[in-house]
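Enquirer: As input, take structure29.txt (compact mmCIF, C-alpha atoms):
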# COMPACT_ATOMS: atom_id res chain seq x y z
CA MET R 647 0.00 0.00 0.00
CA ALA R 648 2.80 2.42 0.95
CA HIS R 649 4.53 1.57 -2.34
CA TRP R 650 1.33 2.40 -4.30
CA ILE R 651 0.93 5.76 -2.49
CA ALA R 652 4.55 6.69 -3.15
CA LYS R 653 4.19 5.79 -6.83
CA THR R 654 0.97 7.80 -7.16
CA LEU R 655 2.55 10.83 -5.47
CA ALA R 656 5.59 10.66 -7.74
CA THR R 657 3.34 10.57 -10.82
CA PHE R 658 1.39 13.60 -9.54
CA LEU R 659 4.57 15.58 -8.95
CA LEU R 660 5.77 14.81 -12.47
CA LEU R 661 2.51 16.01 -13.97
CA LEU R 662 2.23 19.15 -11.83
CA PRO R 663 4.76 21.29 -13.79
CA LEU R 664 3.07 20.27 -17.04
CA THR R 665 -0.31 21.30 -15.68
CA ALA R 666 1.04 24.62 -14.42
CA CYS R 667 2.66 25.28 -17.78
CA THR R 668 -0.61 24.58 -19.58
CA GLU R 669 -2.48 27.02 -17.31
CA SER R 670 0.09 29.82 -17.68
CA ASN R 671 -0.04 29.52 -21.47
CA SER R 672 -3.84 29.51 -21.67
CA THR R 673 -5.83 31.92 -23.80
CA GLY R 674 -7.66 34.97 -22.50
CA GLN R 675 -10.89 32.99 -21.93
CA ASP R 676 -12.24 30.72 -19.21
CA GLU R 677 -13.98 27.37 -19.87
CA SER R 678 -17.20 29.14 -20.83
CA GLY R 679 -15.42 31.25 -23.44
CA GLN R 680 -15.51 34.45 -21.38
CA PRO R 681 -12.49 36.71 -20.73
CA LYS R 682 -10.75 36.21 -17.37
CA GLY R 683 -8.46 37.99 -14.95
CA ARG R 684 -7.62 41.67 -15.43
CA LEU R 685 -9.01 41.55 -18.97
CA ALA R 686 -12.43 40.59 -17.62
CA THR R 687 -12.17 43.28 -14.94
CA VAL R 688 -11.39 46.00 -17.46
CA LEU R 689 -14.10 44.88 -19.88
CA GLY R 690 -16.63 44.69 -17.05
CA ARG R 691 -15.68 48.15 -15.79
CA GLY R 692 -16.12 49.64 -19.25
CA LYS R 693 -12.96 51.72 -19.16
CA LEU R 694 -9.19 51.40 -18.90
CA ILE R 695 -7.26 52.91 -15.98
CA CYS R 696 -3.90 53.98 -17.35
CA GLY R 697 -0.91 55.24 -15.36
CA VAL R 698 0.96 58.08 -17.08
CA SER R 699 3.29 60.95 -16.25
CA GLY R 700 1.09 63.81 -17.41
CA GLU R 701 4.06 66.17 -17.31
CA LEU R 702 6.17 65.25 -20.34
CA PRO R 703 5.23 66.98 -23.62
CA GLY R 704 5.29 64.59 -26.56
CA PHE R 705 4.84 61.52 -24.35
CA SER R 706 2.14 62.31 -21.80
CA PHE R 707 1.04 65.82 -21.04
CA VAL R 708 -2.18 67.36 -19.77
CA ASP R 709 -3.01 70.86 -20.97
CA GLN R 710 -4.90 73.64 -19.19
CA ASP R 711 -8.20 72.20 -20.41
CA GLY R 712 -7.41 68.82 -18.85
CA LYS R 713 -6.82 67.12 -22.20
CA TYR R 714 -4.13 64.44 -22.35
CA SER R 715 -1.85 63.96 -25.33
CA GLY R 716 1.41 62.26 -26.27
CA LEU R 717 2.80 58.93 -27.44
CA ASP R 718 2.24 57.25 -24.06
CA VAL R 719 -1.31 58.60 -23.97
CA ASP R 720 -2.00 57.23 -27.44
CA VAL R 721 -0.88 53.81 -26.17
CA CYS R 722 -3.66 54.02 -23.58
CA ARG R 723 -6.12 55.17 -26.22
CA ALA R 724 -5.12 52.29 -28.51
CA ILE R 725 -5.82 49.72 -25.79
CA ALA R 726 -9.21 51.31 -25.09
CA ALA R 727 -10.00 51.31 -28.81
CA ALA R 728 -9.17 47.60 -29.06
CA LEU R 729 -11.34 46.69 -26.07
CA PHE R 730 -14.26 49.11 -26.35
CA ASP R 731 -14.11 50.54 -29.88
CA ASN R 732 -13.75 53.85 -28.03
CA PRO R 733 -10.33 55.50 -27.53
CA ASP R 734 -11.76 57.84 -24.91
CA ALA R 735 -12.79 55.04 -22.53
CA VAL R 736 -9.70 55.80 -20.42
CA GLU R 737 -9.20 57.16 -16.93
CA TYR R 738 -5.70 58.60 -16.58
CA ARG R 739 -3.75 58.53 -13.32
CA ASN R 740 -0.72 60.82 -13.05
CA LEU R 741 2.07 58.94 -11.29
CA ASN R 742 5.57 60.06 -10.36
CA ALA R 743 8.56 57.79 -10.87
CA LYS R 744 8.60 56.58 -7.28
CA GLU R 745 4.93 55.57 -7.00
CA ARG R 746 4.34 54.16 -10.51
CA PHE R 747 5.27 50.53 -9.78
CA THR R 748 3.29 50.34 -6.55
CA ALA R 749 0.22 51.62 -8.39
CA LEU R 750 0.57 48.81 -10.90
CA GLN R 751 1.33 46.09 -8.34
CA THR R 752 -1.66 47.01 -6.16
CA GLY R 753 -4.06 47.15 -9.10
CA GLU R 754 -4.68 50.89 -8.85
CA VAL R 755 -3.94 51.07 -12.59
CA ASP R 756 -4.40 48.42 -15.27
CA VAL R 757 -1.38 49.38 -17.33
CA LEU R 758 1.59 51.68 -16.97
CA SER R 759 2.35 53.80 -20.03
CA ARG R 760 4.87 56.19 -18.56
CA ASN R 761 8.25 56.34 -20.40
CA THR R 762 9.41 53.36 -18.33
CA THR R 763 12.67 51.55 -19.06
CA TRP R 764 12.55 47.76 -19.41
CA THR R 765 15.21 46.28 -17.09
CA LEU R 766 15.91 42.80 -15.73
CA SER R 767 15.06 43.65 -12.11
CA ARG R 768 11.79 45.33 -13.06
CA ASP R 769 10.88 42.31 -15.17
CA THR R 770 11.59 39.91 -12.27
CA SER R 771 11.83 41.07 -8.65
CA VAL R 772 9.64 44.18 -9.14
CA GLY R 773 6.95 41.98 -10.70
CA LEU R 774 6.25 43.65 -14.04
CA ASP R 775 5.57 42.20 -17.49
CA PHE R 776 6.60 44.49 -20.33
CA ALA R 777 4.84 44.98 -23.63
CA PRO R 778 6.93 45.60 -26.78
CA ILE R 779 9.35 48.51 -26.75
CA ILE R 780 7.66 51.55 -28.25
CA PHE R 781 10.57 53.97 -28.02
CA PHE R 782 14.31 53.29 -28.00
CA ASP R 783 16.14 55.97 -26.05
CA GLY R 784 19.35 56.68 -24.17
CA GLN R 785 20.28 58.78 -21.16
CA GLY R 786 21.91 62.16 -21.61
CA ILE R 787 22.85 65.33 -19.74
CA MET R 788 21.67 68.87 -20.49
CA VAL R 789 23.69 71.97 -19.54
CA LYS R 790 23.50 75.68 -20.19
CA GLN R 791 25.32 76.73 -23.32
CA SER R 792 27.08 79.49 -21.38
CA SER R 793 28.65 76.94 -19.00
CA ASN R 794 31.24 75.89 -21.61
CA ILE R 795 30.68 72.28 -20.56
CA LYS R 796 31.23 70.30 -23.76
CA ILE R 797 31.78 66.69 -22.66
CA LEU R 798 31.12 64.51 -19.64
CA ALA R 799 34.61 65.08 -18.19
CA ASP R 800 33.86 68.82 -17.92
CA LEU R 801 31.31 67.99 -15.20
CA GLN R 802 34.03 67.03 -12.73
CA ASP R 803 33.08 68.32 -9.26
CA LYS R 804 29.97 69.92 -10.78
CA SER R 805 26.39 69.45 -9.49
CA ILE R 806 23.87 67.40 -11.50
CA CYS R 807 20.11 67.34 -10.86
CA ILE R 808 18.54 63.86 -10.89
CA GLN R 809 15.06 62.49 -10.28
CA THR R 810 15.06 59.58 -7.85
CA GLY R 811 13.20 56.32 -8.53
CA THR R 812 14.53 56.17 -12.09
CA THR R 813 17.26 54.27 -13.90
CA THR R 814 19.06 57.58 -14.51
CA GLU R 815 20.29 57.79 -10.93
CA GLN R 816 22.19 54.48 -11.04
CA ASN R 817 23.30 54.96 -14.66
CA LEU R 818 24.93 58.29 -13.82
CA THR R 819 26.66 56.80 -10.77
CA ASP R 820 27.96 53.88 -12.84
CA GLN R 821 29.24 56.01 -15.71
CA MET R 822 30.93 58.64 -13.54
CA GLN R 823 32.54 55.97 -11.39
CA LYS R 824 33.76 54.05 -14.43
CA ARG R 825 35.30 57.19 -15.90
CA GLY R 826 36.68 58.45 -12.61
CA ILE R 827 34.72 61.72 -12.66
CA PRO R 828 33.64 62.95 -9.21
CA TYR R 829 30.40 64.95 -9.18
CA LYS R 830 27.71 66.24 -6.80
CA PRO R 831 24.29 64.60 -7.20
CA VAL R 832 21.27 66.75 -6.32
CA VAL R 833 18.31 64.37 -6.03
CA PHE R 834 14.56 65.11 -6.08
CA GLU R 835 11.43 62.94 -6.13
CA ASP R 836 9.43 65.33 -8.30
CA VAL R 837 10.38 65.79 -11.95
CA ASN R 838 9.15 69.40 -12.01
CA THR R 839 11.33 70.27 -9.03
CA THR R 840 14.28 68.54 -10.69
CA PHE R 841 14.08 70.67 -13.82
CA ALA R 842 13.05 73.84 -11.99
CA THR R 843 16.15 73.59 -9.80
CA TYR R 844 18.30 73.20 -12.91
CA ALA R 845 16.56 76.13 -14.64
CA GLU R 846 17.23 78.32 -11.59
CA GLY R 847 20.96 77.61 -11.95
CA ARG R 848 21.26 75.61 -8.74
CA CYS R 849 22.64 72.65 -10.71
CA ASP R 850 25.29 72.73 -13.43
CA GLY R 851 23.48 70.02 -15.38
CA VAL R 852 20.40 67.82 -15.37
CA THR R 853 20.20 64.18 -16.49
CA ALA R 854 17.30 62.14 -17.90
CA ASP R 855 16.42 60.20 -21.05
CA ARG R 856 17.51 62.24 -24.06
CA SER R 857 13.92 62.44 -25.35
CA GLN R 858 12.84 63.78 -21.95
CA LEU R 859 15.59 66.39 -22.03
CA ILE R 860 14.48 67.50 -25.49
CA SER R 861 10.87 67.61 -24.31
CA ARG R 862 11.64 69.51 -21.12
CA ARG R 863 13.89 71.97 -22.94
CA THR R 864 10.84 73.23 -24.85
CA THR R 865 9.25 74.27 -21.54
CA LEU R 866 12.24 76.31 -20.31
CA PRO R 867 12.12 80.14 -20.62
CA ASN R 868 14.90 80.23 -23.25
CA PRO R 869 15.21 76.77 -24.85
CA GLY R 870 18.05 77.84 -27.16
CA GLU R 871 20.29 78.50 -24.18
CA HIS R 872 20.47 74.82 -23.28
CA VAL R 873 22.39 72.02 -25.02
CA ILE R 874 22.43 68.25 -24.64
CA LEU R 875 25.90 66.77 -24.40
CA PRO R 876 26.85 64.18 -27.06
CA ASP R 877 27.59 61.46 -24.46
CA VAL R 878 24.94 58.71 -24.33
CA LEU R 879 25.14 57.10 -20.89
CA SER R 880 22.86 54.09 -21.30
CA LYS R 881 20.33 52.09 -23.27
CA GLU R 882 16.76 53.08 -22.37
CA PRO R 883 14.18 50.82 -24.07
CA LEU R 884 10.83 52.36 -23.08
CA ALA R 885 7.78 50.14 -22.96
CA PRO R 886 4.33 49.87 -21.39
CA ALA R 887 4.03 47.42 -18.49
CA VAL R 888 1.42 45.39 -16.64
CA ALA R 889 1.59 43.45 -13.38
CA SER R 890 3.07 39.99 -13.86
CA GLY R 891 1.09 36.79 -13.48
CA ASP R 892 -1.76 37.52 -15.89
CA SER R 893 -0.82 36.27 -19.34
CA ALA R 894 -4.22 37.00 -20.89
CA TRP R 895 -4.06 40.70 -19.97
CA ALA R 896 -0.41 40.92 -20.98
CA ASP R 897 -1.31 39.44 -24.38
CA ALA R 898 -4.07 41.98 -24.94
CA VAL R 899 -1.70 44.88 -24.24
CA ARG R 900 1.20 43.29 -26.13
CA TRP R 901 -0.75 42.66 -29.33
CA THR R 902 -2.28 46.12 -29.23
CA MET R 903 1.27 47.48 -29.49
CA PHE R 904 2.14 45.05 -32.26
CA SER R 905 -0.99 46.14 -34.15
CA LEU R 906 0.36 49.69 -34.38
CA LEU R 907 3.59 48.43 -35.94
CA GLU R 908 1.99 45.87 -38.24
CA ALA R 909 -0.45 48.45 -39.60
CA GLU R 910 2.39 50.79 -40.51
CA GLU R 911 4.30 47.98 -42.21
CA LEU R 912 1.20 47.02 -44.21
CA GLY R 913 0.61 50.67 -45.15
CA ILE R 914 -2.73 50.84 -43.34
CA THR R 915 -3.55 54.24 -41.82
CA SER R 916 -6.55 55.83 -40.15
CA GLN R 917 -7.18 57.64 -43.45
CA ASN R 918 -7.02 54.75 -45.92
CA MET R 919 -8.23 51.77 -43.86
CA GLY R 920 -11.53 51.68 -45.74
CA GLN R 921 -9.65 50.77 -48.93
CA PHE R 922 -8.08 47.76 -47.21
CA MET R 923 -11.44 46.39 -46.05
CA THR R 924 -11.98 44.99 -49.55
CA SER R 925 -8.47 43.54 -49.81
CA LYS R 926 -8.02 39.94 -51.00
CA ASP R 927 -4.65 39.68 -49.26
CA PRO R 928 -5.05 37.01 -46.53
CA THR R 929 -2.48 38.77 -44.33
CA VAL R 930 -4.50 41.99 -44.40
CA ARG R 931 -7.80 40.17 -43.93
CA ARG R 932 -6.53 38.30 -40.86
CA PHE R 933 -5.05 41.47 -39.42
CA LEU R 934 -8.28 43.46 -39.78
CA GLY R 935 -10.41 40.60 -38.42
CA MET R 936 -12.20 39.78 -41.66
CA GLU R 937 -10.87 36.21 -41.58
CA GLY R 938 -9.92 33.87 -38.78
CA GLU R 939 -10.47 34.27 -35.05
CA LEU R 940 -7.25 35.87 -33.78
CA GLY R 941 -9.12 38.28 -31.54
CA LYS R 942 -11.47 35.65 -30.13
CA GLY R 943 -8.50 33.51 -29.12
CA MET R 944 -7.22 36.47 -27.11
CA GLY R 945 -10.56 37.26 -25.47
CA VAL R 946 -11.27 40.42 -27.50
CA ALA R 947 -13.18 41.32 -30.68
CA ASN R 948 -11.81 39.87 -33.93
CA ASP R 949 -11.58 43.36 -35.41
CA PHE R 950 -9.52 44.73 -32.48
CA ALA R 951 -6.69 45.85 -34.78
CA ALA R 952 -9.11 47.60 -37.15
CA ARG R 953 -10.60 49.46 -34.18
CA ILE R 954 -7.15 50.63 -33.10
CA ILE R 955 -6.18 51.95 -36.52
CA LYS R 956 -9.56 53.59 -37.13
CA HIS R 957 -9.45 55.56 -33.88
CA VAL R 958 -5.75 56.09 -33.14
CA GLY R 959 -3.81 55.35 -36.32
CA ASN R 960 -0.67 53.30 -36.85
CA TYR R 961 2.64 53.81 -35.04
CA GLY R 962 3.94 56.22 -37.68
CA GLU R 963 0.87 58.41 -37.37
CA ILE R 964 1.17 58.44 -33.57
CA TYR R 965 4.87 59.26 -33.74
CA ASP R 966 4.43 62.08 -36.24
CA ARG R 967 1.66 63.89 -34.38
CA ASN R 968 3.47 63.71 -31.03
CA LEU R 969 7.19 63.74 -31.80
CA GLY R 970 7.60 64.32 -35.54
CA PRO R 971 8.81 67.21 -37.70
CA GLN R 972 5.61 69.23 -37.28
CA THR R 973 5.99 69.29 -33.48
CA LYS R 974 8.24 71.36 -31.21
CA LEU R 975 10.29 68.27 -30.41
CA ASN R 976 11.04 67.36 -34.04
CA LEU R 977 12.67 64.04 -33.11
CA PRO R 978 14.05 62.07 -36.09
CA ARG R 979 12.72 58.51 -35.99
CA GLY R 980 16.15 56.90 -36.35
CA GLN R 981 16.16 53.60 -34.49
CA ASN R 982 12.44 54.09 -33.78
CA ASN R 983 11.68 53.37 -37.40
CA LEU R 984 10.36 50.08 -38.77
CA TRP R 985 12.87 47.32 -39.45
CA THR R 986 12.09 47.72 -43.17
CA LYS R 987 13.43 51.29 -42.96
CA GLY R 988 16.58 50.61 -40.96
CA GLY R 989 14.99 50.88 -37.51
CA LEU R 990 14.48 48.40 -34.67
CA LEU R 991 10.68 48.11 -34.61
CA PHE R 992 8.79 45.12 -35.98
CA SER R 993 5.83 42.90 -35.18
CA PRO R 994 5.61 39.10 -35.10
CA PRO R 995 3.18 37.65 -37.68
CA PHE R 996 -0.57 37.98 -37.16
CA ARG R 997 -1.51 34.37 -37.86
Write out the structure in this file as structure tokens.
Expert:
Amino acid sequence: MAHWIAKTLATFLLLLPLTACTESNSTGQDESGQPKGRLATVLGRGKLICGVSGELPGFSFVDQDGKYSGLDVDVCRAIAAALFDNPDAVEYRNLNAKERFTALQTGEVDVLSRNTTWTLSRDTSVGLDFAPIIFFDGQGIMVKQSSNIKILADLQDKSICIQTGTTTEQNLTDQMQKRGIPYKPVVFEDVNTTFATYAEGRCDGVTADRSQLISRRTTLPNPGEHVILPDVLSKEPLAPAVASGDSAWADAVRWTMFSLLEAEELGITSQNMGQFMTSKDPTVRRFLGMEGELGKGMGVANDFAARIIKHVGNYGEIYDRNLGPQTKLNLPRGQNNLWTKGGLLFSPPFR
């Protein structure tokens, strides 16, 4: 009898990892075909709760009328469009760098779309799951043109403003230590205080992602008086994030991002999508939900990608209206172009 029990227990233990693996790789539906987890919660609520900065022009910024705009905001709008066919079904929560992860972990927000760098520790011990990278960046330092600071070495024994709770703090420490350049860190929790202190001349320089420096420079009294040093201190792959442990919700957010890239690669825009609705191309038909059940397998509508493009546009459209040549930022796409145009962005196949 004891031998039979031991044998049965051993068999159960062997099967347990296989069972767990099957559950973690399940679709976004329960046994009755209904969405589950955070996806079901969001659909049942009827709106998305999205964590953003709200203070970074071009990425997420709220104007005097309370209207949100920016690349990160359009990510939120794209998810809402996919789920509700309504890009305005979003409640925005402004979060600073220190509180953003707690808000996600506790369920205060459904998704974080807040110029957040994908790192190993955040992907593991912090408990986040990252969606695809939507903006490749790097850390830089901005100084006043009149300071005659030209390169990183010129900042020896100088003061540098930094926002705490970000990767920039550790990156700066690492780079200055590696190069043997002593400096004086001036650390703040609030990003506005960080840049205000720099603008008042109480710091010789300020460090952040280069895109953030370019964005913030436009808000300074005399933008032309400030320059960004050529040194790039780090890799900063920026991506939306969700709390780990919910593969169905992560899939919904992940494939919303991929839809933006795939649409641009296929040449589908918010302006010409109607022309593609009569396409005979099976790739286009699957993507727009006219064939197959890609959306159903994920727990959303089959035409989720078509909804996104109709309401928000493809990635190129989003980039141009928030960061492109017709904006104050005028950021060249560079590595944030599609792989077909020499950039780093691409989508896996929709099949």
Enquirer: What separation in Å, quoted to one decimal, exists between CA of Leu977 (chain R) and CA of Asp783 (chain R)?
Expert: 11.3 Å
Enquirer: Nearest to Cys807 (chain R): which of R:Tyr714, R:Val852, R:Gln823, R:Ile795 is it, counting all atoms listed in the file?
Expert: R:Val852
Enquirer: Work out how far CA of Asp836 (chain R) is from CA of Asp877 (chain R), in Å to one decimal.
Expert: 24.6 Å
Enquirer: Env of region 824-829 of chain R: 8 Å cut, atoms = all atoms listed in the file, seq-sep filter 3 positions within chain, self excluded. Answer as a PyMOL selection string.
Expert: chain R and resi 799+801-806+820-821
Enquirer: Now that the selection is made, can you save its residues with C-alpha atoms as a PDB file, in the coordinates of the input?
Expert:
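The resulting file, out_24.pdb, is reproduced below:
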ATOM      1  CA  ALA R 799      34.610  65.080 -18.190  1.00  0.00           C
ATOM      2  CA  LEU R 801      31.310  67.990 -15.200  1.00  0.00           C
ATOM      3  CA  GLN R 802      34.030  67.030 -12.730  1.00  0.00           C
ATOM      4  CA  ASP R 803      33.080  68.320  -9.260  1.00  0.00           C
ATOM      5  CA  LYS R 804      29.970  69.920 -10.780  1.00  0.00           C
ATOM      6  CA  SER R 805      26.390  69.450  -9.490  1.00  0.00           C
ATOM      7  CA  ILE R 806      23.870  67.400 -11.500  1.00  0.00           C
ATOM      8  CA  ASP R 820      27.960  53.880 -12.840  1.00  0.00           C
ATOM      9  CA  GLN R 821      29.240  56.010 -15.710  1.00  0.00           C
TER      10      GLN R 821
END
Enquirer: Using Å and a single decimal, report how far CA of Asp927 (chain R) sits from CA of Asn982 (chain R).
Expert: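 If I compute the distance from CA of Asn982 (chain R) to CA of Asp927 (chain R), I get 27.2 Å.
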Enquirer: Between R:Ser905, R:Lys693, R:Val736, R:Gly700, single out the one closest to Arg953 (chain R), counting only C-alpha atoms.
Expert: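 Under the stated criterion, the closest residue is R:Ser905.
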Enquirer: Closest to Ser916 (chain R) among R:Val958, R:Leu934, R:Ala894, R:Ala889, using all atoms listed in the file?
Expert: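 Comparing R:Val958, R:Leu934, R:Ala894, R:Ala889 against Ser916 (chain R), the winner is R:Val958.
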Enquirer: Looking at all atoms listed in the file, which of R:Met903, R:Arg723, R:Gly959, R:Val708 is the one that sits closest to Ala735 (chain R)?
Expert: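 Between R:Met903, R:Arg723, R:Gly959, R:Val708, the residue approaching Ala735 (chain R) most closely is R:Arg723.
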Enquirer: Just the residues within 12 Å of Glu835 (chain R), please, counting only C-alpha atoms, with nothing from its chain fewer than 6 positions along; format it as an MDAnalysis selection string.
Expert: chainID R and resid 741:745 807:812 815 841
Enquirer: Restricting the calculation to all atoms listed in the file, which member of R:Arg691, R:Arg862, R:Lys713, R:Lys881 is positioned closest to Leu729 (chain R)?
Expert: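 Counting all atoms listed in the file, the residue closest to Leu729 (chain R) is R:Arg691.
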Enquirer: List every residue of region 844-905 of chain R that has an atom at most 9 Å from any atom of region 685-690 of chain R, and for each one report the closest atom pair and its distance in Å to one decimal, counting all atoms listed in the file, with rows sorted by chain and then by increasing residue number, as JSON lines.
Expert:
{"residue": "R:Asp892", "atom": "CA", "partner": "R:Leu685", "partner_atom": "CA", "distance": 8.8}
{"residue": "R:Ala894", "atom": "CA", "partner": "R:Leu685", "partner_atom": "CA", "distance": 6.9}
{"residue": "R:Trp895", "atom": "CA", "partner": "R:Leu685", "partner_atom": "CA", "distance": 5.1}
{"residue": "R:Ala896", "atom": "CA", "partner": "R:Leu685", "partner_atom": "CA", "distance": 8.9}
{"residue": "R:Ala898", "atom": "CA", "partner": "R:Leu685", "partner_atom": "CA", "distance": 7.8}
Enquirer: What's around Thr765 (chain R) at 9 Å? Count all atoms listed in the file, leave out sequence neighbours fewer than 2 positions away in its own chain, and write the answer as a ChimeraX atom specification.
Expert: /R:763,767-770,813,882-883
Enquirer: Contacts of Phe904 (chain R) at 8 Å or less, counting all atoms listed in the file, minus same-chain residues fewer than 3 places along, as a list in words?
Expert: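 Answer for this query is Pro778, Arg900, Trp901, Leu907, Glu908, Phe992, Ser993 and Pro994 of chain R.
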Enquirer: Counting only C-alpha atoms, what is within 9 Å of Ile780 (chain R), bar same-chain residues fewer than 5 positions away, as a list in words?
Expert: Leu717, Asp718, Pro883, Leu884, Ala885, Pro886, Met903, Tyr961, Asn982 and Leu991 of chain R
Enquirer: Taking C-alpha atoms for each residue, export the selection above as an mmCIF file, in the coordinates of the input.
Expert:
data_model
loop_
_atom_site.group_PDB
_atom_site.id
_atom_site.type_symbol
_atom_site.label_atom_id
_atom_site.label_comp_id
_atom_site.auth_asym_id
_atom_site.auth_seq_id
_atom_site.Cartn_x
_atom_site.Cartn_y
_atom_site.Cartn_z
ATOM 1 C CA LEU R 717 2.800 58.930 -27.440
ATOM 2 C CA ASP R 718 2.240 57.250 -24.060
ATOM 3 C CA PRO R 883 14.180 50.820 -24.070
ATOM 4 C CA LEU R 884 10.830 52.360 -23.080
ATOM 5 C CA ALA R 885 7.780 50.140 -22.960
ATOM 6 C CA PRO R 886 4.330 49.870 -21.390
ATOM 7 C CA MET R 903 1.270 47.480 -29.490
ATOM 8 C CA TYR R 961 2.640 53.810 -35.040
ATOM 9 C CA ASN R 982 12.440 54.090 -33.780
ATOM 10 C CA LEU R 991 10.680 48.110 -34.610
#
Enquirer: Go through R:Thr814, R:Asp966, R:Thr748, R:Glu737 one by one, measure the shortest atom-to-atom distance of each to Thr853 (chain R) using all atoms listed in the file, and give the residue with the smallest value.
Expert: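 Under the stated criterion, the closest residue is R:Thr814.
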